[in-house]
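Heads up, the thing below is written out as structure tokens.
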Amino acid sequence: MSSVLTIRGGVPLSGRVAVRGAKNLVPKAMVASLLGDEPSVLRNVPEIKDVEVVRNLLRLHGVEISQDPATGDLTLDPSNARTAHVADIDAHAGDSRIPILFCGPLIHAIGEAFIPDLGGCRIGDRPIDYHLGVLRQFGAVVDKRPGGISISAPKGLKGAKISLPYPSVGATEQVLLSATKAEGITELTGAATEPEIVDLIAVLQKMGALISIQSDRTIRIEGVRSLGGFTHTALPDRNEAASWASAALVTKGDIFVEGALQRDMMTFLNTFRKLGGGLEIRDDGIRFYHRGGKLSPLVVETDVHPGFMTDWQQPLLVALTQADGVSIVHETVYENRFGFTEALRRMGATIQVHRECLGSVPCRFGQRNFLHSAVISGPVSLHGADFNVPDLRGGFSHLIAAFAAQGTSRATGVDVIKRGYEHFTDKLESLGADFDLSEGAA
Ligand SMILES: CC(=O)N[C@H]1[C@@H](OP(=O)(O)OP(=O)(O)OC[C@H]2O[C@@H](n3ccc(=O)[nH]c3=O)[C@H](O)[C@@H]2O)O[C@H](CO)[C@@H](O)[C@@H]1O
Ligand SMILES: C=C(OP(=O)(O)O)C(=O)O
């Protein structure tokens with residue numbers, strides 16, 4: 001059983017929260033440490049479930065990990081990397097998508113990898129065909145096994161010319177983590193270029209890798225024989241920051257997000273401002289607040305970077321229920337990311353979902369049976385309801401709707417939120433939220 005939150009809504013969330021290293025970078029930088037011949041130090045590591053999962057998996061593979069209790073900095077020593085038991089890997093893989101990124105580093109370190117079936121948010125099919133195609137192009141042999149896949153490279157990994165059909169974040173990282181120590185040159189076209197990918201490239205460059213990002217989504221990697229360690233401060237979590245921004249707007253509050261970085265959030269900040277949210281952008285963070293007037297409806301289309309990040313979509317949609325008129329959200333990254341709107345409708349929101357593409361961003365989901373466009377009419381008064389947290393961002397979105405709503409809501413399954421939001425109940429408390437948490441049995 002998981003924890004239950006009882007939320008008494010109607011209180012503006014106001015105060016200060018801090019964001020640390022990005023969920024979408026930290027676990028991957030931890031995996032990169034396996035490529036080095038020396039220990040690495042990763043700073044700004046948040047206490048979230050995805051970090052715990054990767055820490056356990058790395059330990060099973062012989063990586064010695066110590067943590068500075070004061071700062072949380074992690075030291076990762078891969079000198080004794082070894083094969084782990086499949087049953088142990090399965091038991092520790094948790095609800096994360098990161099295990100698939102162990103392939104290249106484990107093959108380089110110990111010649112083989114077993115990758116358990118993946119977790120992550122159920123917001124679409126989330127196949128791993130690009131990952132497996134990439135690995136095969138490097139010369140890896142992929143075998144389906146019960147509970148996962150087994151990968152080996154009898155002749156080692158060799159650089160390749162690779163083209164991704166869609167700029168997948170994970171598949172781009174798969175290429176980076178496999179190609180840095182592969183023999184020869186890799187040229188990747190159609191790459192994703194999210195800030196977390198650029199930060200991973202920075203980590204790899206510190207280790208001695210030769211990687212250049214060229215124009216038109218092309219990344220060129222010259223394989224090197226060996227890599228050293230790195231010392232790196234992870235970039236801040238822009239997705240958590242955007243979530244708190246939406247929380248401020250939905251609850252008519254005022255939240256300073258310490259650590260939020262303007263450079264990586266420009267598209268979000270433009271959207272937030274057009275919606276009518278107040279912004280104060282400072283060097284040490286960003287203040288997001290409700291200015292008191294009406295909010296303006298918007299048309300938002302999610303896209304790969306530098307477009308509007310899909311992980312911002314769910315919390316922002318809750319803010320759109322408070323805008324004065326009709327808004328449209330066209331989700332072009334995941335085919336099934338509007339399931340969470342059902343609970344919002346039960347809380348009083350007016351949201352319709354459609355199969356058609358309501359927008360102009362090229363989308364893979366048009367003319368297919370995917371409800372991937374939403375029409376939201378506002379403003380509505382939200383009222384409390386009971387719900388089960390469906391996924392990370394959907395769950396956070398339900399919570400902020402419940403904090404804005406009149407009356408009481410009861411949220412089950414809230415532990416999912418720990419996968420990407422550090423100490424979220426402590427943060428909510430510091431923002432003045434009114435709730436009780438009853439811890440379920442593990
Ligand atoms: C841990 C992490 O960093 N997660 C992020 C990462 O997920 P993740 O790396 O899983 O997302 P991708 O960018 O790979 O997925 C984008 C799209 O490509 C499709 N696809 C992907 C791989 C593949 O082999 N085949 C395939 O069809 C997916 O189903 C999806 O429709 O990027 C997403 C898009 O910015 C974010 O929402 C996630 O928060
Ligand atoms: C979809 C997300 O994450 P993951 O890829 O870890 O499931 C997310 O962070 O919103």
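Going through the structure tokens in order, the chains are called A, B, and so on, while each chain numbers its residues from 1 and the ligands are numbered from 1 in the order shown.
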
Contacts to ligand 1 at 7 Å cut-off (only C-alpha atoms and all ligand atoms) as a list in words:
Lys23, Asn24, Leu25, Arg97, Ile98, Gly124, Asp125, Arg126, Pro127, Ile128, Asp129, Tyr130, His131, Tyr166, Pro167, Ser168, Val169, Gly170, Ala171, Val304, Met309, Thr310, Asp311, Val333, Tyr334 and Glu335 of chain A

Can I get the selected residues back with C-alpha atoms, as a short mmCIF file (atom, residue, chain, number, x, y, z; two decimals), in the first residue's frame?
```
data_model
loop_
_atom_site.label_atom_id
_atom_site.label_comp_id
_atom_site.auth_asym_id
_atom_site.auth_seq_id
_atom_site.Cartn_x
_atom_site.Cartn_y
_atom_site.Cartn_z
CA LYS A 23 15.68 13.94 -12.55
CA ASN A 24 16.29 13.69 -16.31
CA LEU A 25 20.06 14.19 -15.93
CA ARG A 97 13.29 4.07 -17.40
CA ILE A 98 16.99 4.52 -16.70
CA GLY A 124 1.94 6.04 -24.13
CA ASP A 125 3.40 2.78 -25.37
CA ARG A 126 6.99 3.92 -24.81
CA PRO A 127 8.69 1.27 -26.98
CA ILE A 128 12.49 0.81 -26.94
CA ASP A 129 12.87 0.01 -30.63
CA TYR A 130 15.16 3.01 -31.30
CA HIS A 131 17.42 1.95 -28.40
CA TYR A 166 12.25 11.03 -34.04
CA PRO A 167 14.51 13.06 -31.73
CA SER A 168 14.15 10.70 -28.77
CA VAL A 169 15.86 11.85 -25.59
CA GLY A 170 16.62 8.34 -24.36
CA ALA A 171 17.85 7.02 -27.72
CA VAL A 304 11.00 18.48 -28.47
CA MET A 309 8.37 20.44 -23.00
CA THR A 310 5.75 17.69 -22.65
CA ASP A 311 6.50 17.29 -18.91
CA VAL A 333 5.42 13.83 -27.88
CA TYR A 334 3.30 11.13 -26.19
CA GLU A 335 0.16 9.62 -27.68
#
```

Name the residues, by chain letter and number, that sit within 6 Å of ligand 2 using only C-alpha atoms and all ligand atoms, and give them as a compact mmCIF listing (two decimals) with N, CA and C atoms, in the first residue's frame.
```
# COMPACT_ATOMS: atom_id res chain seq x y z
N SER A 96 11.49 2.84 -13.05
CA SER A 96 12.32 3.85 -13.73
C SER A 96 12.62 3.41 -15.16
N ARG A 97 12.92 4.39 -16.03
CA ARG A 97 13.29 4.07 -17.40
C ARG A 97 14.81 4.03 -17.59
N GLY A 120 8.72 3.67 -15.56
CA GLY A 120 8.45 5.01 -16.11
C GLY A 120 6.96 5.25 -16.21
N CYS A 121 6.60 6.49 -16.56
CA CYS A 121 5.19 6.86 -16.59
C CYS A 121 4.47 6.21 -17.76
N ASP A 311 6.65 17.48 -20.37
CA ASP A 311 6.50 17.29 -18.91
C ASP A 311 5.95 18.55 -18.23
N LEU A 392 3.67 10.47 -12.71
CA LEU A 392 4.40 11.53 -12.00
C LEU A 392 3.79 12.92 -12.18
N ARG A 393 3.72 13.39 -13.41
CA ARG A 393 3.22 14.77 -13.64
C ARG A 393 1.70 14.84 -13.50
```

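The list of residues with at least one atom within 12 Å of A:Leu437, based on only C-alpha atoms and without residues fewer than 2 positions apart in the same chain, reads Ser2, Ser3, Val4, Leu5, Thr6, Ile7, Arg8, Arg410, Ala411, Thr412, Gly413, Val414, Asp415, Phe424, Thr425, Asp426, Leu428, Glu429, Ala433, Asp434, Phe435, Glu439 and Gly440 of chain A.
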
What separation in Å, quoted to one decimal, exists between atom CA of A:Phe308 and atom CA of A:Thr321?
18.4 Å

For stretch 239-246 of chain A: contacts at 8 Å, only C-alpha atoms, fewer than 2 positions along chain excluded, given as a ChimeraX atom specification:
/A:19,22,237,248-250,255,257,260,268,288-289,311-312,315-316,318-319,396,420-421

One decimal, in Å: what's the spacing between atom CA of A:Pro78 and atom CA of A:Gly119?
25.0 Å

Kindly indicate which residue among A:His108, A:Lys49, A:Arg20, A:Arg346 lies nearest to A:Leu34, using only C-alpha atoms for the distances.
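For A:Leu34, the nearest of the given residues is A:His108.
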
I need the alpha helix (DSSP H) residues of stretch 179-352 of chain A per DSSP on the backbone, written as number ranges by chain.
A: 179, 195-207, 238-250, 266-275, 310-320, 341-346

Skip stretch 68-76 of chain A itself and residues of its chain fewer than 4 positions away, then list as a list in words all residues within 6 Å of it, counting only C-alpha atoms.
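Those residues are Pro39, Ser40, Val41, Leu42, Arg43 and Glu64 of chain A.
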
For the contact check between stretch 20-74 of chain A and stretch 209-222 of chain A, emit one row per residue of stretch 20-74 of chain A within 12 Å, containing the shortest atom pair and the distance in Å rounded to one decimal, counting only C-alpha atoms, chain then rising number order, as CSV.
```
residue,atom,partner,partner_atom,distance
A:Ala32,CA,A:Ala209,CA,11.2
A:Leu35,CA,A:Ala209,CA,10.2
A:Gly36,CA,A:Ala209,CA,10.3
```

Please run DSSP on the backbone and report, as JSON, numbers by chain, all residues within stretch 292-419 of chain A that come out as strand (DSSP E).
{"A": [299, 300, 301, 325, 326, 327, 328, 329, 330, 350, 351, 352, 353, 354, 373, 374, 375, 376, 377, 378, 386, 387, 388, 408, 409, 410, 411, 412]}

Those selected residues, please, written with C-alpha atoms and delivered as an mmCIF file, in the first residue's frame.
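Result file follows (part_38.cif):
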```cif
data_model
loop_
_atom_site.group_PDB
_atom_site.id
_atom_site.type_symbol
_atom_site.label_atom_id
_atom_site.label_comp_id
_atom_site.auth_asym_id
_atom_site.auth_seq_id
_atom_site.Cartn_x
_atom_site.Cartn_y
_atom_site.Cartn_z
ATOM 1 C CA VAL A 299 -2.969 27.430 -27.528
ATOM 2 C CA VAL A 300 -0.044 25.234 -26.439
ATOM 3 C CA GLU A 301 1.667 22.502 -28.446
ATOM 4 C CA GLY A 325 -11.984 31.358 -22.249
ATOM 5 C CA VAL A 326 -11.102 28.329 -24.363
ATOM 6 C CA SER A 327 -7.562 26.907 -24.429
ATOM 7 C CA ILE A 328 -6.136 24.142 -26.593
ATOM 8 C CA VAL A 329 -3.295 21.767 -25.797
ATOM 9 C CA HIS A 330 -1.890 19.617 -28.606
ATOM 10 C CA THR A 350 -14.416 21.386 -18.435
ATOM 11 C CA ILE A 351 -12.008 19.475 -20.671
ATOM 12 C CA GLN A 352 -12.683 17.587 -23.891
ATOM 13 C CA VAL A 353 -10.098 15.356 -25.514
ATOM 14 C CA HIS A 354 -9.941 14.729 -29.266
ATOM 15 C CA SER A 373 -5.588 17.139 -28.206
ATOM 16 C CA ALA A 374 -7.445 18.774 -25.311
ATOM 17 C CA VAL A 375 -9.880 21.679 -25.290
ATOM 18 C CA ILE A 376 -10.207 23.379 -21.911
ATOM 19 C CA SER A 377 -12.884 25.951 -21.025
ATOM 20 C CA GLY A 378 -12.502 28.204 -18.048
ATOM 21 C CA ASP A 386 -10.868 11.357 -4.494
ATOM 22 C CA PHE A 387 -8.280 10.173 -6.985
ATOM 23 C CA ASN A 388 -5.474 7.717 -7.447
ATOM 24 C CA THR A 408 -11.482 17.983 0.740
ATOM 25 C CA SER A 409 -9.735 15.586 -1.629
ATOM 26 C CA ARG A 410 -8.181 12.231 -0.901
ATOM 27 C CA ALA A 411 -5.211 11.147 -3.026
ATOM 28 C CA THR A 412 -3.960 7.556 -3.026
#
```

Calculated over only C-alpha atoms, which of the candidates A:Arg122, A:Lys28, A:Arg368, A:Lys181 has the smallest distance to A:Arg337?
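Among the listed residues, A:Arg122 lies closest to A:Arg337.
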
Please provide the set of residues having any atom within 12 Å of A:Met266, restricted to only C-alpha atoms, with same-chain residues fewer than 6 positions apart removed, written as a short mmCIF file (atom, residue, chain, number, x, y, z; two decimals) with N, CA and C atoms, in the first residue's frame.
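Below is the file that was written, part06.cif:
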```
data_model
loop_
_atom_site.label_atom_id
_atom_site.label_comp_id
_atom_site.auth_asym_id
_atom_site.auth_seq_id
_atom_site.Cartn_x
_atom_site.Cartn_y
_atom_site.Cartn_z
N PRO A 195 18.27 20.34 -22.76
CA PRO A 195 19.36 20.81 -21.88
C PRO A 195 20.00 19.67 -21.07
N ARG A 238 14.32 21.67 -14.37
CA ARG A 238 13.42 22.68 -14.96
C ARG A 238 11.98 22.18 -14.95
N ALA A 242 8.91 24.19 -13.26
CA ALA A 242 7.69 24.55 -14.00
C ALA A 242 6.45 24.05 -13.27
N ALA A 260 15.83 27.68 -9.98
CA ALA A 260 15.24 27.63 -11.33
C ALA A 260 16.10 28.47 -12.27
N PHE A 272 4.05 31.09 -19.72
CA PHE A 272 3.53 31.48 -18.40
C PHE A 272 3.15 32.96 -18.42
N ARG A 273 3.99 33.76 -19.06
CA ARG A 273 3.71 35.22 -19.12
C ARG A 273 2.48 35.49 -19.99
N LEU A 279 6.08 37.05 -13.17
CA LEU A 279 7.43 36.46 -13.14
C LEU A 279 8.42 37.46 -12.60
N ILE A 281 12.49 37.17 -12.60
CA ILE A 281 13.60 36.27 -12.93
C ILE A 281 14.88 36.78 -12.28
N ILE A 286 13.62 31.86 -9.69
CA ILE A 286 12.54 32.59 -10.36
C ILE A 286 11.31 32.62 -9.44
N HIS A 305 12.74 19.88 -27.50
CA HIS A 305 13.45 21.13 -27.24
C HIS A 305 13.92 21.76 -28.56
N PRO A 306 13.79 23.06 -28.74
CA PRO A 306 13.43 24.07 -27.76
C PRO A 306 11.93 24.36 -27.67
N GLY A 307 11.11 23.42 -28.05
CA GLY A 307 9.66 23.62 -27.97
C GLY A 307 9.16 23.51 -26.53
N PHE A 308 7.84 23.50 -26.39
CA PHE A 308 7.22 23.44 -25.06
C PHE A 308 7.30 21.99 -24.57
N MET A 309 8.09 21.78 -23.54
CA MET A 309 8.37 20.44 -23.00
C MET A 309 7.10 19.71 -22.58
#
```

When you look at A:Arg355 with a cut-off of 8 Å (counting only C-alpha atoms), what residues show up, excluding the ones that are within fewer than 5 positions of it in the same chain? I need them as a list of chain:residue names.
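My reading of the contact set: A:Gly366, A:Gln367, A:Arg368, A:Asn369, A:Phe370, A:Leu371, A:His372, A:Ser373.
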
Kindly give the distance, in Å, that separates atom CA of A:Ala234 and atom CA of A:Asn44, rounded to a single decimal.
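Distance reported for this atom pair: 5.7 Å.
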
Of the candidates A:Gly104, A:Pro236, A:Gly292, A:Gly208, which shows the shortest atom-to-atom distance to A:Ile151, using only C-alpha atoms?
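Of A:Gly104, A:Pro236, A:Gly292, A:Gly208, the one nearest A:Ile151, counting only C-alpha atoms, is A:Gly104.
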
Taking into account only C-alpha atoms, which residue in the set A:Gln262, A:Ser397, A:Thr271, A:Ser360 is nearest to A:Arg287?
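Between A:Gln262, A:Ser397, A:Thr271, A:Ser360, the residue approaching A:Arg287 most closely is A:Gln262.
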